[in-house]
>>> print(open('final35.txt').read())   # compact mmCIF, C-alpha atoms and all ligand atoms
# COMPACT_ATOMS: atom_id res chain seq x y z
CA MET A 24 86.21 19.57 0.42
CA ASN A 25 85.30 20.75 -3.06
CA HIS A 26 83.92 24.31 -3.04
CA HIS A 27 81.20 23.54 -5.59
CA PHE A 28 79.95 20.60 -3.49
CA LEU A 29 79.89 22.79 -0.35
CA LEU A 30 77.94 25.47 -2.25
CA ILE A 31 75.34 22.93 -3.45
CA VAL A 32 74.80 21.66 0.13
CA HIS A 33 74.66 25.31 1.34
CA LEU A 34 72.02 26.18 -1.28
CA ILE A 35 69.83 23.12 -0.53
CA CYS A 36 69.97 23.95 3.19
CA ALA A 37 69.19 27.63 2.49
CA ALA A 38 66.14 26.49 0.49
CA ILE A 39 64.98 24.34 3.42
CA TRP A 40 65.64 27.01 6.08
CA VAL A 41 64.20 30.00 4.24
CA GLY A 42 61.47 28.07 2.41
CA GLY A 43 60.28 26.39 5.62
CA HIS A 44 60.06 29.73 7.40
CA LEU A 45 58.31 31.48 4.50
CA LEU A 46 55.68 28.73 4.55
CA LEU A 47 55.20 29.37 8.25
CA VAL A 48 54.86 33.15 7.72
CA PHE A 49 52.57 33.04 4.69
CA ALA A 50 50.49 29.92 5.33
CA TYR A 51 50.41 28.69 8.94
CA LEU A 52 50.85 31.90 10.96
CA PRO A 53 47.96 33.84 9.31
CA LYS A 54 45.69 30.78 9.69
CA ALA A 55 46.64 30.35 13.36
CA LEU A 56 46.08 34.07 14.09
CA ARG A 57 42.78 34.15 12.18
CA GLU A 58 41.38 31.09 13.93
CA LYS A 59 43.16 31.82 17.25
CA ASN A 60 44.45 28.25 17.12
CA GLN A 61 48.11 27.82 18.07
CA HIS A 62 48.13 24.14 17.07
CA TYR A 63 48.74 24.96 13.39
CA ILE A 64 52.09 26.42 14.47
CA LEU A 65 52.89 23.80 17.12
CA ASP A 66 52.17 20.88 14.77
CA TYR A 67 54.25 22.40 11.97
CA GLU A 68 57.15 23.21 14.33
CA LYS A 69 57.21 19.63 15.61
CA LYS A 70 57.59 18.22 12.07
CA TYR A 71 59.85 20.97 10.71
CA GLU A 72 62.24 21.39 13.65
CA PRO A 73 64.54 18.36 13.06
CA VAL A 74 64.79 19.16 9.33
CA GLY A 75 65.17 22.92 9.84
CA MET A 76 67.77 22.66 12.63
CA SER A 77 69.83 20.14 10.61
CA ALA A 78 69.71 22.55 7.65
CA LEU A 79 70.86 25.45 9.85
CA VAL A 80 73.77 23.42 11.29
CA LEU A 81 74.85 22.44 7.75
CA LEU A 82 74.52 26.07 6.61
CA VAL A 83 76.96 27.11 9.33
CA ILE A 84 79.45 24.27 8.61
CA THR A 85 79.43 24.70 4.81
CA GLY A 86 79.40 28.52 5.14
CA ILE A 87 82.45 28.55 7.40
CA LEU A 88 84.32 26.05 5.17
CA MET A 89 83.59 28.20 2.08
CA ALA A 90 84.64 31.33 3.99
CA TYR A 91 88.03 29.66 4.67
CA LYS A 92 88.34 28.89 0.95
CA TYR A 93 87.87 32.64 0.33
CA GLY A 94 90.71 33.28 2.82
CA VAL A 95 88.32 34.49 5.53
CA GLY A 96 89.47 32.57 8.62
CA ILE A 97 88.43 32.97 12.24
CA GLU A 98 91.28 35.43 12.90
CA SER A 99 89.69 37.96 10.51
CA TRP A 100 86.03 37.58 11.57
CA PHE A 101 84.27 40.71 12.85
CA HIS A 102 86.95 43.09 11.55
CA PHE A 103 84.57 44.37 8.84
CA ALA A 104 87.67 45.21 6.79
CA THR A 105 87.38 43.46 3.39
CA PRO A 106 84.29 42.96 1.17
CA ILE A 107 83.93 39.16 1.53
CA GLU A 108 84.94 39.18 5.20
CA LYS A 109 82.18 41.78 5.74
CA VAL A 110 79.60 39.39 4.24
CA VAL A 111 80.86 36.55 6.46
CA SER A 112 80.94 38.73 9.60
CA VAL A 113 77.44 40.13 9.03
CA LYS A 114 76.16 36.58 8.40
CA LEU A 115 77.78 35.34 11.61
CA THR A 116 76.26 38.26 13.54
CA LEU A 117 72.80 37.47 12.10
CA LEU A 118 73.38 33.81 12.95
CA ILE A 119 73.92 34.77 16.61
CA VAL A 120 70.69 36.84 16.55
CA THR A 121 68.86 33.85 15.00
CA VAL A 122 70.12 31.55 17.78
CA LEU A 123 68.96 34.07 20.42
CA PHE A 124 65.48 34.18 18.83
CA ALA A 125 65.38 30.36 18.69
CA LEU A 126 66.33 30.08 22.38
CA SER A 127 63.76 32.71 23.35
CA ALA A 128 61.05 30.90 21.34
CA GLN A 129 62.00 27.51 22.78
CA PHE A 130 62.25 28.46 26.45
CA ARG A 131 59.98 31.51 26.82
CA VAL A 132 57.29 31.53 24.15
CA LEU A 133 56.58 27.88 23.21
CA PRO A 134 55.82 26.74 26.81
CA LYS A 135 53.23 29.57 27.07
CA LEU A 136 51.84 28.90 23.60
CA LYS A 137 51.06 25.25 24.39
CA ASN A 138 48.04 26.19 26.52
CA ASN A 139 47.40 29.78 25.55
CA PRO A 140 46.62 31.16 22.05
CA GLY A 141 47.19 34.64 23.57
CA ALA A 142 50.93 34.04 23.03
CA LEU A 143 50.41 33.82 19.23
CA PRO A 144 51.39 37.46 18.47
CA GLU A 145 54.65 37.05 20.43
CA MET A 146 55.38 33.80 18.57
CA GLY A 147 54.47 35.57 15.32
CA PHE A 148 57.05 38.28 16.07
CA HIS A 149 59.73 35.60 16.58
CA ILE A 150 58.73 33.78 13.38
CA VAL A 151 58.66 36.92 11.22
CA SER A 152 62.01 38.11 12.67
CA VAL A 153 63.81 34.79 12.04
CA THR A 154 62.32 34.58 8.53
CA THR A 155 63.38 38.14 7.66
CA ILE A 156 66.90 37.44 8.94
CA GLY A 157 67.00 34.23 6.84
CA VAL A 158 66.04 36.16 3.70
CA VAL A 159 68.69 38.82 4.47
CA MET A 160 71.31 36.06 4.93
CA LEU A 161 70.34 34.60 1.55
CA ILE A 162 70.62 38.03 -0.13
CA LEU A 163 73.99 38.64 1.58
CA GLY A 164 75.24 35.26 0.30
CA SER A 165 74.36 36.25 -3.26
CA PHE A 166 76.76 39.23 -2.97
CA VAL A 167 79.82 36.99 -2.64
CA ARG A 168 79.91 36.20 -6.37
CA PHE A 169 79.88 39.97 -7.06
CA GLY A 170 82.89 40.53 -4.80
CA GLY A 171 81.21 41.11 -1.43
CA ILE A 172 79.77 44.24 0.21
C1 LIG B 201 70.25 31.22 7.32
C2 LIG B 201 71.51 31.06 7.01
C3 LIG B 201 72.09 31.20 5.63
C4 LIG B 201 71.48 31.31 4.40
C5 LIG B 201 69.99 31.32 4.11
C6 LIG B 201 72.52 31.41 3.41
C7 LIG B 201 72.31 31.52 2.05
C8 LIG B 201 73.28 31.68 1.10
C9 LIG B 201 73.05 31.82 -0.32
C10 LIG B 201 71.71 31.80 -1.02
C11 LIG B 201 74.26 31.96 -0.92
C12 LIG B 201 74.47 32.28 -2.39
C13 LIG B 201 75.37 31.39 -3.16
C14 LIG B 201 75.50 31.85 -4.59
O1 LIG B 201 75.52 33.04 -4.91
O2 LIG B 201 75.60 30.99 -5.44
C15 LIG B 201 75.26 31.90 0.12
C16 LIG B 201 76.61 32.01 -0.08
C17 LIG B 201 77.56 32.00 0.91
N1 LIG B 201 77.33 31.87 2.27
FE1 LIG B 201 75.55 31.57 3.17
N2 LIG B 201 73.74 31.38 4.05
C18 LIG B 201 73.52 31.25 5.39
C19 LIG B 201 74.47 31.16 6.38
C20 LIG B 201 75.82 31.31 6.20
C21 LIG B 201 76.82 31.28 7.25
C22 LIG B 201 76.53 31.08 8.74
C23 LIG B 201 78.02 31.46 6.66
C24 LIG B 201 79.37 31.48 7.29
C25 LIG B 201 79.84 32.37 7.93
C26 LIG B 201 77.80 31.61 5.23
C27 LIG B 201 78.77 31.82 4.27
C28 LIG B 201 78.56 31.91 2.91
C29 LIG B 201 79.61 32.08 1.92
C30 LIG B 201 81.12 32.18 2.19
C31 LIG B 201 78.98 32.12 0.67
C32 LIG B 201 79.65 32.29 -0.70
C33 LIG B 201 79.71 30.99 -1.46
C34 LIG B 201 80.15 31.19 -2.89
O3 LIG B 201 79.52 31.95 -3.63
O4 LIG B 201 81.12 30.56 -3.28
N3 LIG B 201 76.43 31.51 4.99
N4 LIG B 201 74.65 31.73 1.34
>>> encode(input="final35.txt", output="C-alpha cells", more="lines below")
Ligand code: HEM
Amino acid sequence: MNHHFLLIVHLICAAIWVGGHLLLVFAYLPKALREKNQHYILDYEKKYEPVGMSALVLLVITGILMAYKYGVGIESWFHFATPIEKVVSVKLTLLIVTVLFALSAQFRVLPKLKNNPGALPEMGFHIVSVTTIGVVMLILGSFVRFGGI
C-alpha cells in the first residue's frame, strides 16, 4: 500500500486516539473528580470506546506497514540498534504498556467505578497514563522524518 496513504490514515487515527484522551483528561476527568460523579467518565467511555479502539488498531496496522517500508521488519524489532528501528521498538513497547493499562481499566477499575465514585482517582491514574503514553508515541513518530532517535 502507498506509504503516503498509510501515513494519512495513521495521522487521522493518532488525532482520534490522542485527541479523545486529551478531552478526557482536560474536560471530563476534572469535572468527574470535582463533582464526585463517575458517570461523566462512564458515559464518555461508552461512546468513545468503539471509535478509539478502532483508531488504535489502525494505528498499529498502518504503523507496522510503514515500519516495513522503512526496512524495519519483525526480525529487527527490539534490537534497539538503528535510529528508525529504535523508534518502532519504543513505540511497540509503549503499545504493550497501553494494552496492559486498557486491560487493567476494563477488568479491574471499571467494574468498581460503576457503583463507586471512590474508584475515580485510580481511573484517573489510568487515563492520565494512557494519555501521556499516547502523546509520547506521537512525539516519537515525528522523529522518523528527522532520521529516528
Ligand atoms: C498511540 C499510538 C500512536 C500514535 C499516537 C502515533 C503517532 C504518530 C505520528 C504523529 C507520526 C508522525 C508522522 C509524521 O511525522 O508525519 C507517526 C509516525 C510513525 N509511526 Fe506512529 N503512532 C502510534 C503508533 C505506532 C505504532 C504501534 C507503530 C508501529 C510500530 C508506529 C509506527 C510509525 C512509523 C513507522 C512512523 C513514520 C511514518 C513516516 O514518517 O513515514 N506508530 N506516528
>>> closest_residue(input="final35.txt", among="A:Ala104, A:Leu29, A:Val151, A:Leu47", to="ligand LIG 201 (chain B)", atoms="all atoms listed in the file")
A:Leu29
>>> residues_near_ligand(input="final35.txt", ligand="ligand LIG 201 (chain B)", cutoff="6 Å", atoms="only C-alpha atoms and all ligand atoms", output="number ranges by chain")
A: 30, 34, 37, 41, 82-83, 86-87, 89-90, 111, 114-115, 118, 157, 160-161, 164-165, 167-168
>>> atom_distance(input="final35.txt", atom1="atom CA of A:Ala55", atom2="atom CA of A:Thr155")
19.3 Å
>>> atom_distance(input="final35.txt", atom1="atom CA of A:Arg131", atom2="atom CA of A:Met146")
9.7 Å
>>> residues_around(input="final35.txt", residues="A:Leu45", least_positions_apart="4", cutoff="12 Å", atoms="all atoms listed in the file", output="PyMOL selection string")
chain A and resi 37-41+49-53+150-158
>>> closest_residue(input="final35.txt", among="A:Ile119, A:Leu46, A:Leu56, A:Ala78", to="A:Phe148", atoms="all atoms listed in the file")
A:Leu56
>>> closest_residue(input="final35.txt", among="A:Met24, A:Leu163, A:Ala125, A:Ile31", to="A:Pro106", atoms="all atoms listed in the file")
A:Leu163
>>> closest_residue(input="final35.txt", among="A:Lys54, A:Lys69, A:His62, A:His149", to="A:Val120", atoms="all atoms listed in the file")
A:His149
>>> closest_residue(input="final35.txt", among="A:Leu79, A:Asn60, A:Gly94, A:Thr105", to="A:Val122", atoms="all atoms listed in the file")
A:Leu79
>>> closest_residue(input="final35.txt", among="A:Ile162, A:Gly141, A:Gly171, A:Arg57", to="A:Ile107", atoms="only C-alpha atoms")
A:Gly171
>>> decode(input="final35.txt", residues="stretch 105-143 of chain A", atoms="N, CA and C atoms", output="PDB file, in the first residue's frame")
ATOM      1  N   THR A 105      19.243   0.508  15.313  1.00  0.00           N
ATOM      2  CA  THR A 105      19.312   1.593  14.333  1.00  0.00           C
ATOM      3  C   THR A 105      18.261   2.652  14.687  1.00  0.00           C
ATOM      4  N   PRO A 106      18.483   3.912  14.225  1.00  0.00           N
ATOM      5  CA  PRO A 106      17.620   5.015  14.682  1.00  0.00           C
ATOM      6  C   PRO A 106      16.125   4.814  14.424  1.00  0.00           C
ATOM      7  N   ILE A 107      15.727   4.349  13.241  1.00  0.00           N
ATOM      8  CA  ILE A 107      14.290   4.193  12.976  1.00  0.00           C
ATOM      9  C   ILE A 107      13.756   2.939  13.672  1.00  0.00           C
ATOM     10  N   GLU A 108      14.573   1.899  13.711  1.00  0.00           N
ATOM     11  CA  GLU A 108      14.145   0.673  14.433  1.00  0.00           C
ATOM     12  C   GLU A 108      13.935   0.999  15.909  1.00  0.00           C
ATOM     13  N   LYS A 109      14.771   1.914  16.454  1.00  0.00           N
ATOM     14  CA  LYS A 109      14.592   2.301  17.874  1.00  0.00           C
ATOM     15  C   LYS A 109      13.231   2.941  18.080  1.00  0.00           C
ATOM     16  N   VAL A 110      12.840   3.858  17.159  1.00  0.00           N
ATOM     17  CA  VAL A 110      11.517   4.498  17.265  1.00  0.00           C
ATOM     18  C   VAL A 110      10.434   3.426  17.255  1.00  0.00           C
ATOM     19  N   VAL A 111      10.520   2.497  16.287  1.00  0.00           N
ATOM     20  CA  VAL A 111       9.500   1.454  16.155  1.00  0.00           C
ATOM     21  C   VAL A 111       9.468   0.585  17.413  1.00  0.00           C
ATOM     22  N   SER A 112      10.635   0.194  17.918  1.00  0.00           N
ATOM     23  CA  SER A 112      10.687  -0.697  19.093  1.00  0.00           C
ATOM     24  C   SER A 112      10.161   0.000  20.342  1.00  0.00           C
ATOM     25  N   VAL A 113      10.488   1.296  20.507  1.00  0.00           N
ATOM     26  CA  VAL A 113       9.966   2.011  21.685  1.00  0.00           C
ATOM     27  C   VAL A 113       8.450   2.131  21.559  1.00  0.00           C
ATOM     28  N   LYS A 114       7.981   2.429  20.320  1.00  0.00           N
ATOM     29  CA  LYS A 114       6.520   2.542  20.124  1.00  0.00           C
ATOM     30  C   LYS A 114       5.830   1.218  20.423  1.00  0.00           C
ATOM     31  N   LEU A 115       6.412   0.114  19.987  1.00  0.00           N
ATOM     32  CA  LEU A 115       5.786  -1.189  20.250  1.00  0.00           C
ATOM     33  C   LEU A 115       5.777  -1.488  21.749  1.00  0.00           C
ATOM     34  N   THR A 116       6.856  -1.111  22.439  1.00  0.00           N
ATOM     35  CA  THR A 116       6.913  -1.318  23.895  1.00  0.00           C
ATOM     36  C   THR A 116       5.804  -0.500  24.570  1.00  0.00           C
ATOM     37  N   LEU A 117       5.665   0.775  24.149  1.00  0.00           N
ATOM     38  CA  LEU A 117       4.627   1.632  24.743  1.00  0.00           C
ATOM     39  C   LEU A 117       3.229   1.116  24.391  1.00  0.00           C
ATOM     40  N   LEU A 118       3.120   0.503  23.208  1.00  0.00           N
ATOM     41  CA  LEU A 118       1.829  -0.082  22.819  1.00  0.00           C
ATOM     42  C   LEU A 118       1.458  -1.210  23.792  1.00  0.00           C
ATOM     43  N   ILE A 119       2.448  -2.041  24.146  1.00  0.00           N
ATOM     44  CA  ILE A 119       2.184  -3.149  25.086  1.00  0.00           C
ATOM     45  C   ILE A 119       1.747  -2.571  26.438  1.00  0.00           C
ATOM     46  N   VAL A 120       2.437  -1.494  26.889  1.00  0.00           N
ATOM     47  CA  VAL A 120       2.064  -0.876  28.178  1.00  0.00           C
ATOM     48  C   VAL A 120       0.629  -0.329  28.087  1.00  0.00           C
ATOM     49  N   THR A 121       0.298   0.288  26.936  1.00  0.00           N
ATOM     50  CA  THR A 121      -1.065   0.819  26.750  1.00  0.00           C
ATOM     51  C   THR A 121      -2.099  -0.303  26.857  1.00  0.00           C
ATOM     52  N   VAL A 122      -1.814  -1.438  26.213  1.00  0.00           N
ATOM     53  CA  VAL A 122      -2.760  -2.569  26.253  1.00  0.00           C
ATOM     54  C   VAL A 122      -2.916  -3.059  27.697  1.00  0.00           C
ATOM     55  N   LEU A 123      -1.808  -3.101  28.455  1.00  0.00           N
ATOM     56  CA  LEU A 123      -1.898  -3.548  29.859  1.00  0.00           C
ATOM     57  C   LEU A 123      -2.772  -2.594  30.673  1.00  0.00           C
ATOM     58  N   PHE A 124      -2.585  -1.283  30.449  1.00  0.00           N
ATOM     59  CA  PHE A 124      -3.437  -0.294  31.146  1.00  0.00           C
ATOM     60  C   PHE A 124      -4.902  -0.482  30.762  1.00  0.00           C
ATOM     61  N   ALA A 125      -5.152  -0.725  29.462  1.00  0.00           N
ATOM     62  CA  ALA A 125      -6.541  -0.871  28.990  1.00  0.00           C
ATOM     63  C   ALA A 125      -7.184  -2.100  29.637  1.00  0.00           C
ATOM     64  N   LEU A 126      -6.421  -3.201  29.718  1.00  0.00           N
ATOM     65  CA  LEU A 126      -6.964  -4.421  30.327  1.00  0.00           C
ATOM     66  C   LEU A 126      -7.237  -4.200  31.811  1.00  0.00           C
ATOM     67  N   SER A 127      -6.302  -3.517  32.469  1.00  0.00           N
ATOM     68  CA  SER A 127      -6.475  -3.247  33.904  1.00  0.00           C
ATOM     69  C   SER A 127      -7.698  -2.353  34.133  1.00  0.00           C
ATOM     70  N   ALA A 128      -7.888  -1.343  33.279  1.00  0.00           N
ATOM     71  CA  ALA A 128      -9.057  -0.459  33.415  1.00  0.00           C
ATOM     72  C   ALA A 128     -10.337  -1.252  33.182  1.00  0.00           C
ATOM     73  N   GLN A 129     -10.322  -2.073  32.127  1.00  0.00           N
ATOM     74  CA  GLN A 129     -11.533  -2.809  31.748  1.00  0.00           C
ATOM     75  C   GLN A 129     -11.953  -3.820  32.807  1.00  0.00           C
ATOM     76  N   PHE A 130     -10.985  -4.578  33.326  1.00  0.00           N
ATOM     77  CA  PHE A 130     -11.357  -5.710  34.191  1.00  0.00           C
ATOM     78  C   PHE A 130     -11.209  -5.429  35.676  1.00  0.00           C
ATOM     79  N   ARG A 131     -10.398  -4.415  36.060  1.00  0.00           N
ATOM     80  CA  ARG A 131     -10.236  -4.141  37.487  1.00  0.00           C
ATOM     81  C   ARG A 131     -10.979  -2.871  37.906  1.00  0.00           C
ATOM     82  N   VAL A 132     -10.735  -1.768  37.152  1.00  0.00           N
ATOM     83  CA  VAL A 132     -11.205  -0.475  37.639  1.00  0.00           C
ATOM     84  C   VAL A 132     -12.659  -0.186  37.241  1.00  0.00           C
ATOM     85  N   LEU A 133     -13.002  -0.393  35.956  1.00  0.00           N
ATOM     86  CA  LEU A 133     -14.355  -0.028  35.502  1.00  0.00           C
ATOM     87  C   LEU A 133     -15.475  -0.761  36.270  1.00  0.00           C
ATOM     88  N   PRO A 134     -15.336  -2.064  36.570  1.00  0.00           N
ATOM     89  CA  PRO A 134     -16.408  -2.713  37.342  1.00  0.00           C
ATOM     90  C   PRO A 134     -16.618  -2.045  38.706  1.00  0.00           C
ATOM     91  N   LYS A 135     -15.493  -1.608  39.352  1.00  0.00           N
ATOM     92  CA  LYS A 135     -15.624  -0.921  40.654  1.00  0.00           C
ATOM     93  C   LYS A 135     -16.274   0.442  40.466  1.00  0.00           C
ATOM     94  N   LEU A 136     -15.843   1.130  39.388  1.00  0.00           N
ATOM     95  CA  LEU A 136     -16.263   2.520  39.178  1.00  0.00           C
ATOM     96  C   LEU A 136     -17.773   2.631  38.924  1.00  0.00           C
ATOM     97  N   LYS A 137     -18.350   1.560  38.398  1.00  0.00           N
ATOM     98  CA  LYS A 137     -19.788   1.617  38.050  1.00  0.00           C
ATOM     99  C   LYS A 137     -20.658   1.989  39.240  1.00  0.00           C
ATOM    100  N   ASN A 138     -20.303   1.477  40.444  1.00  0.00           N
ATOM    101  CA  ASN A 138     -21.142   1.785  41.611  1.00  0.00           C
ATOM    102  C   ASN A 138     -20.431   2.616  42.659  1.00  0.00           C
ATOM    103  N   ASN A 139     -19.179   3.001  42.395  1.00  0.00           N
ATOM    104  CA  ASN A 139     -18.410   3.624  43.468  1.00  0.00           C
ATOM    105  C   ASN A 139     -17.513   4.759  42.951  1.00  0.00           C
ATOM    106  N   PRO A 140     -17.886   6.026  43.223  1.00  0.00           N
ATOM    107  CA  PRO A 140     -17.051   7.144  42.755  1.00  0.00           C
ATOM    108  C   PRO A 140     -15.681   7.164  43.435  1.00  0.00           C
ATOM    109  N   GLY A 141     -15.520   6.363  44.503  1.00  0.00           N
ATOM    110  CA  GLY A 141     -14.228   6.271  45.200  1.00  0.00           C
ATOM    111  C   GLY A 141     -13.132   5.715  44.298  1.00  0.00           C
ATOM    112  N   ALA A 142     -13.529   5.039  43.198  1.00  0.00           N
ATOM    113  CA  ALA A 142     -12.513   4.491  42.285  1.00  0.00           C
ATOM    114  C   ALA A 142     -12.060   5.520  41.248  1.00  0.00           C
ATOM    115  N   LEU A 143     -12.589   6.777  41.350  1.00  0.00           N
ATOM    116  CA  LEU A 143     -12.230   7.796  40.345  1.00  0.00           C
ATOM    117  C   LEU A 143     -10.726   8.109  40.290  1.00  0.00           C
TER     118      LEU A 143
END
